[in-house]
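Chemist: Below is the file data27.txt, with compact mmCIF, N, CA and C atoms.
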# COMPACT_ATOMS: atom_id res chain seq x y z
N MET A 1 1.11 131.33 -97.23
CA MET A 1 1.78 130.79 -98.40
C MET A 1 2.88 129.83 -97.94
N THR A 2 2.94 128.70 -98.60
CA THR A 2 3.94 127.69 -98.31
C THR A 2 5.27 128.07 -98.97
N ALA A 3 6.36 127.94 -98.23
CA ALA A 3 7.69 128.21 -98.80
C ALA A 3 7.97 127.19 -99.90
N TYR A 4 8.69 127.61 -100.93
CA TYR A 4 8.99 126.73 -102.05
C TYR A 4 10.08 125.74 -101.68
N ASP A 5 9.76 124.46 -101.82
CA ASP A 5 10.70 123.36 -101.62
C ASP A 5 10.44 122.37 -102.76
N PRO A 6 11.34 122.29 -103.75
CA PRO A 6 11.06 121.42 -104.90
C PRO A 6 10.78 119.97 -104.53
N SER A 7 11.31 119.51 -103.42
CA SER A 7 11.07 118.11 -103.04
C SER A 7 9.69 117.91 -102.40
N ALA A 8 9.01 118.99 -102.07
CA ALA A 8 7.69 118.89 -101.42
C ALA A 8 6.54 119.32 -102.33
N VAL A 9 6.83 119.58 -103.59
CA VAL A 9 5.79 120.01 -104.53
C VAL A 9 4.83 118.87 -104.78
N LYS A 10 3.54 119.19 -104.83
CA LYS A 10 2.51 118.17 -105.09
C LYS A 10 2.35 117.97 -106.59
N LEU A 11 2.26 116.69 -106.99
CA LEU A 11 2.13 116.35 -108.40
C LEU A 11 0.67 116.41 -108.83
N SER A 12 0.47 116.48 -110.11
CA SER A 12 -0.85 116.55 -110.71
C SER A 12 -1.70 115.34 -110.31
N PRO A 13 -3.02 115.55 -110.15
CA PRO A 13 -3.90 114.40 -109.90
C PRO A 13 -4.07 113.51 -111.14
N ALA A 14 -3.73 114.04 -112.32
CA ALA A 14 -3.78 113.23 -113.54
C ALA A 14 -2.56 112.29 -113.49
N GLN A 15 -2.81 110.99 -113.45
CA GLN A 15 -1.74 110.01 -113.24
C GLN A 15 -0.64 110.10 -114.28
N TRP A 16 -0.98 110.24 -115.56
CA TRP A 16 0.06 110.27 -116.60
C TRP A 16 0.94 111.51 -116.45
N VAL A 17 0.36 112.63 -116.02
CA VAL A 17 1.15 113.84 -115.81
C VAL A 17 2.07 113.65 -114.61
N ALA A 18 1.53 113.09 -113.53
CA ALA A 18 2.33 112.83 -112.33
C ALA A 18 3.48 111.87 -112.65
N ASP A 19 3.19 110.82 -113.42
CA ASP A 19 4.23 109.85 -113.77
C ASP A 19 5.34 110.50 -114.59
N GLN A 20 4.95 111.33 -115.57
CA GLN A 20 5.96 112.00 -116.38
C GLN A 20 6.77 112.98 -115.55
N ALA A 21 6.11 113.75 -114.69
CA ALA A 21 6.82 114.71 -113.83
C ALA A 21 7.80 113.99 -112.91
N ARG A 22 7.38 112.87 -112.37
CA ARG A 22 8.25 112.10 -111.46
C ARG A 22 9.47 111.59 -112.21
N ARG A 23 9.29 111.03 -113.41
CA ARG A 23 10.43 110.54 -114.20
C ARG A 23 11.36 111.68 -114.60
N TYR A 24 10.80 112.79 -114.99
CA TYR A 24 11.58 113.98 -115.38
C TYR A 24 12.44 114.41 -114.20
N GLU A 25 11.84 114.53 -113.03
CA GLU A 25 12.54 115.01 -111.83
C GLU A 25 13.58 113.98 -111.35
N GLU A 26 13.18 112.72 -111.25
CA GLU A 26 14.08 111.69 -110.72
C GLU A 26 15.29 111.46 -111.62
N SER A 27 15.15 111.73 -112.92
CA SER A 27 16.26 111.54 -113.86
C SER A 27 17.11 112.81 -113.98
N ASP A 28 16.80 113.82 -113.20
CA ASP A 28 17.48 115.12 -113.27
C ASP A 28 17.39 115.70 -114.68
N GLY A 29 16.20 115.53 -115.28
CA GLY A 29 15.95 116.14 -116.58
C GLY A 29 16.55 115.43 -117.77
N THR A 30 16.80 114.12 -117.64
CA THR A 30 17.34 113.37 -118.77
C THR A 30 16.31 112.42 -119.38
N GLU A 31 15.17 112.21 -118.71
CA GLU A 31 14.11 111.33 -119.21
C GLU A 31 12.78 112.05 -119.12
N ALA A 32 11.82 111.62 -119.96
CA ALA A 32 10.45 112.15 -119.94
C ALA A 32 10.41 113.66 -120.21
N THR A 33 11.34 114.12 -121.04
CA THR A 33 11.46 115.56 -121.31
C THR A 33 10.74 116.00 -122.58
N ASP A 34 9.95 115.08 -123.15
CA ASP A 34 9.17 115.47 -124.32
C ASP A 34 7.82 114.77 -124.28
N MET A 35 6.91 115.28 -125.09
CA MET A 35 5.58 114.71 -125.24
C MET A 35 5.36 114.54 -126.74
N ASN A 36 5.38 113.32 -127.20
CA ASN A 36 5.23 113.03 -128.64
C ASN A 36 6.19 113.85 -129.49
N GLY A 37 7.42 113.99 -129.01
CA GLY A 37 8.44 114.70 -129.76
C GLY A 37 8.53 116.19 -129.49
N SER A 38 7.59 116.73 -128.71
CA SER A 38 7.62 118.16 -128.37
C SER A 38 8.30 118.34 -127.02
N PRO A 39 9.19 119.34 -126.88
CA PRO A 39 9.92 119.53 -125.62
C PRO A 39 9.00 119.94 -124.48
N CYS A 40 9.29 119.42 -123.29
CA CYS A 40 8.49 119.72 -122.10
C CYS A 40 9.35 120.29 -120.98
N LEU A 41 8.71 121.07 -120.16
CA LEU A 41 9.32 121.57 -118.93
C LEU A 41 8.41 121.24 -117.76
N LEU A 42 8.96 121.34 -116.57
CA LEU A 42 8.17 121.21 -115.35
C LEU A 42 7.88 122.62 -114.84
N LEU A 43 6.62 122.89 -114.59
CA LEU A 43 6.18 124.17 -114.04
C LEU A 43 5.71 123.93 -112.62
N ASP A 44 6.39 124.57 -111.66
CA ASP A 44 5.96 124.55 -110.26
C ASP A 44 5.32 125.90 -109.98
N TYR A 45 4.10 125.86 -109.49
CA TYR A 45 3.33 127.09 -109.28
C TYR A 45 2.55 127.00 -107.97
N LEU A 46 2.21 128.16 -107.45
CA LEU A 46 1.47 128.24 -106.19
C LEU A 46 -0.02 128.13 -106.49
N GLY A 47 -0.67 127.12 -105.92
CA GLY A 47 -2.10 126.94 -106.12
C GLY A 47 -2.88 128.11 -105.53
N ARG A 48 -3.77 128.68 -106.31
CA ARG A 48 -4.48 129.88 -105.87
C ARG A 48 -5.46 129.60 -104.74
N ARG A 49 -5.96 128.39 -104.66
CA ARG A 49 -6.90 128.05 -103.58
C ARG A 49 -6.22 127.28 -102.46
N SER A 50 -5.35 126.34 -102.82
CA SER A 50 -4.73 125.48 -101.80
C SER A 50 -3.59 126.17 -101.07
N GLY A 51 -2.89 127.08 -101.76
CA GLY A 51 -1.69 127.68 -101.18
C GLY A 51 -0.50 126.73 -101.20
N ASP A 52 -0.66 125.56 -101.84
CA ASP A 52 0.42 124.58 -101.96
C ASP A 52 1.15 124.79 -103.28
N TRP A 53 2.41 124.38 -103.30
CA TRP A 53 3.15 124.36 -104.55
C TRP A 53 2.76 123.11 -105.31
N LEU A 54 2.43 123.27 -106.58
CA LEU A 54 1.95 122.20 -107.44
C LEU A 54 2.84 122.12 -108.68
N ARG A 55 2.85 120.95 -109.32
CA ARG A 55 3.72 120.74 -110.49
C ARG A 55 2.92 120.14 -111.64
N THR A 56 3.18 120.67 -112.81
CA THR A 56 2.63 120.08 -114.02
C THR A 56 3.71 120.03 -115.09
N VAL A 57 3.44 119.27 -116.14
CA VAL A 57 4.35 119.13 -117.27
C VAL A 57 3.70 119.83 -118.45
N LEU A 58 4.46 120.70 -119.12
CA LEU A 58 3.90 121.45 -120.25
C LEU A 58 4.88 121.50 -121.42
N ILE A 59 4.33 121.44 -122.61
CA ILE A 59 5.10 121.65 -123.83
C ILE A 59 5.51 123.12 -123.86
N TYR A 60 6.70 123.38 -124.38
CA TYR A 60 7.13 124.77 -124.47
C TYR A 60 7.81 125.06 -125.80
N ALA A 61 7.84 126.35 -126.13
CA ALA A 61 8.65 126.86 -127.24
C ALA A 61 9.53 127.95 -126.66
N ARG A 62 10.55 128.31 -127.40
CA ARG A 62 11.46 129.39 -126.96
C ARG A 62 11.18 130.64 -127.77
N ASP A 63 11.33 131.77 -127.10
CA ASP A 63 11.28 133.08 -127.75
C ASP A 63 12.44 133.86 -127.15
N GLY A 64 13.58 133.83 -127.80
CA GLY A 64 14.78 134.41 -127.22
C GLY A 64 15.16 133.61 -125.98
N ASP A 65 15.36 134.31 -124.87
CA ASP A 65 15.72 133.64 -123.61
C ASP A 65 14.49 133.15 -122.85
N ASP A 66 13.31 133.49 -123.31
CA ASP A 66 12.07 133.15 -122.59
C ASP A 66 11.48 131.84 -123.07
N TYR A 67 10.59 131.31 -122.25
CA TYR A 67 9.86 130.09 -122.55
C TYR A 67 8.39 130.46 -122.73
N LEU A 68 7.75 129.82 -123.69
CA LEU A 68 6.33 130.05 -123.96
C LEU A 68 5.56 128.78 -123.69
N ILE A 69 4.47 128.91 -122.94
CA ILE A 69 3.59 127.77 -122.68
C ILE A 69 2.17 128.17 -123.07
N VAL A 70 1.33 127.19 -123.33
CA VAL A 70 -0.01 127.42 -123.85
C VAL A 70 -1.03 126.81 -122.90
N ALA A 71 -2.03 127.61 -122.52
CA ALA A 71 -3.08 127.15 -121.61
C ALA A 71 -4.22 126.53 -122.42
N SER A 72 -3.90 125.47 -123.15
CA SER A 72 -4.86 124.91 -124.11
C SER A 72 -5.89 123.97 -123.47
N LYS A 73 -5.45 123.17 -122.52
CA LYS A 73 -6.30 122.12 -121.93
C LYS A 73 -6.99 121.31 -123.03
N GLY A 74 -6.22 121.04 -124.09
CA GLY A 74 -6.74 120.22 -125.18
C GLY A 74 -7.93 120.82 -125.90
N GLY A 75 -8.12 122.14 -125.79
CA GLY A 75 -9.26 122.79 -126.43
C GLY A 75 -10.53 122.74 -125.60
N ALA A 76 -10.41 122.43 -124.32
CA ALA A 76 -11.58 122.40 -123.43
C ALA A 76 -12.18 123.81 -123.31
N PRO A 77 -13.46 123.90 -122.92
CA PRO A 77 -14.09 125.22 -122.83
C PRO A 77 -13.59 126.08 -121.68
N GLU A 78 -12.90 125.48 -120.70
CA GLU A 78 -12.41 126.25 -119.56
C GLU A 78 -10.88 126.21 -119.51
N HIS A 79 -10.31 127.23 -118.86
CA HIS A 79 -8.86 127.30 -118.71
C HIS A 79 -8.38 126.19 -117.77
N PRO A 80 -7.14 125.74 -117.96
CA PRO A 80 -6.56 124.77 -117.02
C PRO A 80 -6.33 125.44 -115.66
N GLN A 81 -6.35 124.63 -114.60
CA GLN A 81 -6.17 125.15 -113.25
C GLN A 81 -4.82 125.83 -113.08
N TRP A 82 -3.77 125.27 -113.69
CA TRP A 82 -2.45 125.90 -113.53
C TRP A 82 -2.47 127.34 -114.05
N PHE A 83 -3.19 127.59 -115.14
CA PHE A 83 -3.23 128.93 -115.71
C PHE A 83 -3.91 129.91 -114.75
N LEU A 84 -5.03 129.50 -114.17
CA LEU A 84 -5.74 130.37 -113.23
C LEU A 84 -4.84 130.72 -112.05
N SER A 85 -4.06 129.76 -111.59
CA SER A 85 -3.15 130.00 -110.46
C SER A 85 -1.99 130.90 -110.86
N VAL A 86 -1.40 130.65 -112.02
CA VAL A 86 -0.25 131.44 -112.47
C VAL A 86 -0.66 132.88 -112.77
N ARG A 87 -1.86 133.06 -113.29
CA ARG A 87 -2.35 134.41 -113.56
C ARG A 87 -2.46 135.21 -112.26
N GLU A 88 -2.81 134.51 -111.18
CA GLU A 88 -2.95 135.16 -109.87
C GLU A 88 -1.62 135.27 -109.13
N ASN A 89 -0.77 134.25 -109.27
CA ASN A 89 0.54 134.19 -108.59
C ASN A 89 1.61 133.93 -109.65
N PRO A 90 2.14 134.98 -110.27
CA PRO A 90 3.04 134.79 -111.42
C PRO A 90 4.47 134.36 -111.10
N ASP A 91 4.83 134.28 -109.83
CA ASP A 91 6.18 133.83 -109.48
C ASP A 91 6.19 132.31 -109.45
N VAL A 92 6.95 131.72 -110.37
CA VAL A 92 6.95 130.27 -110.56
C VAL A 92 8.38 129.74 -110.55
N HIS A 93 8.49 128.43 -110.62
CA HIS A 93 9.79 127.77 -110.72
C HIS A 93 9.71 126.78 -111.87
N LEU A 94 10.80 126.69 -112.63
CA LEU A 94 10.85 125.79 -113.78
C LEU A 94 11.98 124.80 -113.64
N ARG A 95 11.77 123.65 -114.24
CA ARG A 95 12.87 122.73 -114.53
C ARG A 95 12.80 122.53 -116.03
N VAL A 96 13.91 122.88 -116.69
CA VAL A 96 14.06 122.64 -118.11
C VAL A 96 15.29 121.76 -118.25
N LEU A 97 15.03 120.51 -118.61
CA LEU A 97 16.08 119.49 -118.65
C LEU A 97 16.76 119.45 -117.28
N GLY A 98 18.07 119.63 -117.20
CA GLY A 98 18.77 119.52 -115.92
C GLY A 98 18.82 120.80 -115.11
N GLU A 99 18.22 121.86 -115.60
CA GLU A 99 18.33 123.16 -114.92
C GLU A 99 17.02 123.54 -114.22
N ARG A 100 17.16 124.04 -113.00
CA ARG A 100 16.01 124.52 -112.24
C ARG A 100 16.25 126.01 -111.95
N PHE A 101 15.19 126.84 -112.14
CA PHE A 101 15.33 128.27 -111.89
C PHE A 101 13.97 128.92 -111.65
N ALA A 102 14.02 130.09 -111.02
CA ALA A 102 12.81 130.88 -110.78
C ALA A 102 12.48 131.66 -112.04
N ALA A 103 11.19 131.91 -112.23
CA ALA A 103 10.75 132.66 -113.41
C ALA A 103 9.50 133.46 -113.03
N ARG A 104 9.18 134.38 -113.91
CA ARG A 104 7.97 135.19 -113.75
C ARG A 104 7.09 134.95 -114.96
N ALA A 105 5.82 134.68 -114.71
CA ALA A 105 4.86 134.40 -115.78
C ALA A 105 4.12 135.68 -116.18
N GLU A 106 3.89 135.82 -117.47
CA GLU A 106 3.14 136.96 -118.00
C GLU A 106 2.22 136.45 -119.10
N VAL A 107 0.93 136.74 -118.99
CA VAL A 107 -0.02 136.38 -120.03
C VAL A 107 0.18 137.36 -121.19
N LEU A 108 0.35 136.82 -122.38
CA LEU A 108 0.64 137.67 -123.53
C LEU A 108 -0.59 138.41 -124.03
N SER A 109 -0.36 139.61 -124.53
CA SER A 109 -1.41 140.40 -125.18
C SER A 109 -1.79 139.70 -126.48
N PRO A 110 -2.94 140.03 -127.05
CA PRO A 110 -3.32 139.44 -128.34
C PRO A 110 -2.26 139.68 -129.43
N GLU A 111 -1.63 140.86 -129.43
CA GLU A 111 -0.62 141.16 -130.44
C GLU A 111 0.62 140.28 -130.26
N GLU A 112 1.07 140.13 -129.00
CA GLU A 112 2.24 139.28 -128.73
C GLU A 112 1.91 137.81 -129.02
N LYS A 113 0.71 137.38 -128.66
CA LYS A 113 0.31 136.00 -128.96
C LYS A 113 0.37 135.76 -130.46
N ALA A 114 -0.15 136.69 -131.25
CA ALA A 114 -0.15 136.54 -132.71
C ALA A 114 1.28 136.43 -133.23
N ARG A 115 2.20 137.16 -132.64
CA ARG A 115 3.60 137.12 -133.08
C ARG A 115 4.25 135.76 -132.80
N VAL A 116 3.97 135.18 -131.62
CA VAL A 116 4.67 133.94 -131.23
C VAL A 116 3.89 132.67 -131.59
N TRP A 117 2.63 132.80 -131.98
CA TRP A 117 1.80 131.62 -132.28
C TRP A 117 2.48 130.69 -133.30
N PRO A 118 3.08 131.22 -134.37
CA PRO A 118 3.77 130.31 -135.32
C PRO A 118 4.90 129.52 -134.66
N LEU A 119 5.61 130.10 -133.70
CA LEU A 119 6.67 129.37 -132.99
C LEU A 119 6.07 128.19 -132.23
N LEU A 120 4.92 128.42 -131.62
CA LEU A 120 4.26 127.37 -130.85
C LEU A 120 3.75 126.26 -131.76
N LEU A 121 3.22 126.63 -132.92
CA LEU A 121 2.72 125.61 -133.85
C LEU A 121 3.86 124.77 -134.44
N GLU A 122 5.05 125.36 -134.56
CA GLU A 122 6.21 124.58 -135.01
C GLU A 122 6.54 123.48 -134.01
N VAL A 123 6.35 123.77 -132.74
CA VAL A 123 6.67 122.82 -131.68
C VAL A 123 5.54 121.80 -131.50
N TYR A 124 4.27 122.28 -131.62
CA TYR A 124 3.13 121.40 -131.39
C TYR A 124 1.96 121.87 -132.25
N ALA A 125 1.82 121.30 -133.43
CA ALA A 125 0.83 121.74 -134.41
C ALA A 125 -0.61 121.60 -133.92
N SER A 126 -0.88 120.70 -132.98
CA SER A 126 -2.24 120.47 -132.50
C SER A 126 -2.84 121.68 -131.79
N TYR A 127 -2.02 122.65 -131.38
CA TYR A 127 -2.58 123.85 -130.75
C TYR A 127 -3.61 124.52 -131.66
N GLU A 128 -3.37 124.47 -132.96
CA GLU A 128 -4.31 125.08 -133.92
C GLU A 128 -5.67 124.38 -133.85
N ASP A 129 -5.66 123.03 -133.78
CA ASP A 129 -6.91 122.28 -133.65
C ASP A 129 -7.59 122.57 -132.32
N TYR A 130 -6.81 122.70 -131.26
CA TYR A 130 -7.38 123.00 -129.95
C TYR A 130 -8.10 124.35 -129.97
N GLN A 131 -7.49 125.35 -130.64
CA GLN A 131 -8.12 126.67 -130.70
C GLN A 131 -9.44 126.61 -131.48
N LYS A 132 -9.47 125.80 -132.53
CA LYS A 132 -10.70 125.66 -133.33
C LYS A 132 -11.80 124.95 -132.55
N LYS A 133 -11.42 124.10 -131.60
CA LYS A 133 -12.38 123.31 -130.81
C LYS A 133 -13.12 124.12 -129.77
N THR A 134 -12.59 125.28 -129.37
CA THR A 134 -13.16 126.02 -128.25
C THR A 134 -13.49 127.46 -128.64
N ASP A 135 -14.46 128.01 -127.94
CA ASP A 135 -14.83 129.41 -128.16
C ASP A 135 -13.91 130.36 -127.39
N ARG A 136 -13.22 129.84 -126.36
CA ARG A 136 -12.35 130.73 -125.58
C ARG A 136 -11.05 130.99 -126.33
N ASP A 137 -10.49 132.15 -126.10
CA ASP A 137 -9.19 132.45 -126.67
C ASP A 137 -8.16 131.75 -125.79
N ILE A 138 -7.41 130.84 -126.37
CA ILE A 138 -6.42 130.08 -125.60
C ILE A 138 -5.24 130.99 -125.28
N PRO A 139 -4.96 131.20 -123.98
CA PRO A 139 -3.87 132.09 -123.59
C PRO A 139 -2.49 131.48 -123.82
N VAL A 140 -1.54 132.37 -124.08
CA VAL A 140 -0.13 132.01 -124.14
C VAL A 140 0.56 132.76 -123.01
N VAL A 141 1.45 132.06 -122.30
CA VAL A 141 2.15 132.63 -121.16
C VAL A 141 3.65 132.64 -121.44
N ARG A 142 4.27 133.78 -121.20
CA ARG A 142 5.72 133.93 -121.29
C ARG A 142 6.31 133.70 -119.91
N LEU A 143 7.34 132.86 -119.84
CA LEU A 143 8.06 132.61 -118.60
C LEU A 143 9.46 133.18 -118.76
N SER A 144 9.76 134.19 -117.95
CA SER A 144 11.05 134.88 -118.01
C SER A 144 11.84 134.59 -116.76
N ARG A 145 13.08 134.18 -116.94
CA ARG A 145 13.97 133.90 -115.82
C ARG A 145 14.13 135.17 -114.97
N VAL A 146 14.14 134.98 -113.64
CA VAL A 146 14.35 136.13 -112.75
C VAL A 146 15.70 136.02 -112.05
Please express what this file holds, its structure, as structure tokens.
Modeler:
Amino acid sequence: MTAYDPSAVKLSPAQWVADQARRYEESDGTEATDMNGSPCLLLDYLGRRSGDWLRTVLIYARDGDDYLIVASKGGAPEHPQWFLSVRENPDVHLRVLGERFAARAEVLSPEEKARVWPLLLEVYASYEDYQKKTDRDIPVVRLSRV
């Protein structure tokens, strides 16, 4: 396992995600912090196959002190790679605006997902369309500061 160094994290192969992550990081969390008006965070996670630290940009909602992210992949039939890695290696690092901190990821139970789903739809209504587009149950992940 590679030691965590935020300056050595590998960016997403998707160019627009990499560009947004770079702007978010280089501005110390003052630019590129939303996606179409929805708040975004940077998630640094350990790749389950590569063993490298990787970074993606995700929309989030708050539930008390915790952050909620959705493994929607736009309603694709398969889970996003970050979710598969976080499910296996739940110790992650976040940047939310100007703050960076360690967190622990937990996939929510169906009951907990049902409770917080309205919070997520308030932040990004398209999640409902994404769920209708796919047969898989789109997971919700709670990120708790450690």
Chemist: Could I get the residues of stretch 64-106 of chain A with an atom no further than 7 Å from an atom of stretch 20-30 of chain A, each paired with its nearest atom pair and that distance in Å to one decimal, using only C-alpha atoms, sorted by chain and residue number, as a Markdown table?
Modeler:
| residue | atom | partner | partner_atom | distance |
| --- | --- | --- | --- | --- |
| A:Val96 | CA | A:Gly29 | CA | 6.9 |
| A:Leu97 | CA | A:Gly29 | CA | 3.9 |
| A:Gly98 | CA | A:Gly29 | CA | 4.5 |
Chemist: Between A:Asp65, A:Glu31, A:Glu122, A:Asp44, which has the minimum distance to A:Arg95 (counting only C-alpha atoms)?
Modeler: A:Asp44
Chemist: Step by step: start from the point (3.6, 118.9, -103.3) in the file's coordinates, keep every protein, DNA or RNA residue that has an atom no farther than 6.5 Å from it, count only N, CA and C atoms, and write the set as a list in words.
Modeler: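 Residues satisfying the cut-off, written out: Ser7, Ala8, Val9, Lys10, Leu11, Asp52, Trp53, Leu54 and Arg55 of chain A.
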Chemist: Could you find all residues in chain A that DSSP calls strand (DSSP E) from the backbone, and write them as a VMD selection string?
Modeler: chain A and resid 10 to 11 34 to 35 38 to 46 53 to 59 61 to 63 66 to 70 91 to 96 99 to 107 140 to 145
Chemist: Could you check which of A:Val140, A:Glu88, A:Arg49, A:Ser126 is closest to A:Leu108, using only N, CA and C atoms?
Modeler: A:Val140
Chemist: Could you tell me which of A:Leu46, A:Val123, A:Ile69, A:Ala61 comes closest to A:Ile138 if we count only C-alpha atoms?
Modeler: A:Ile69
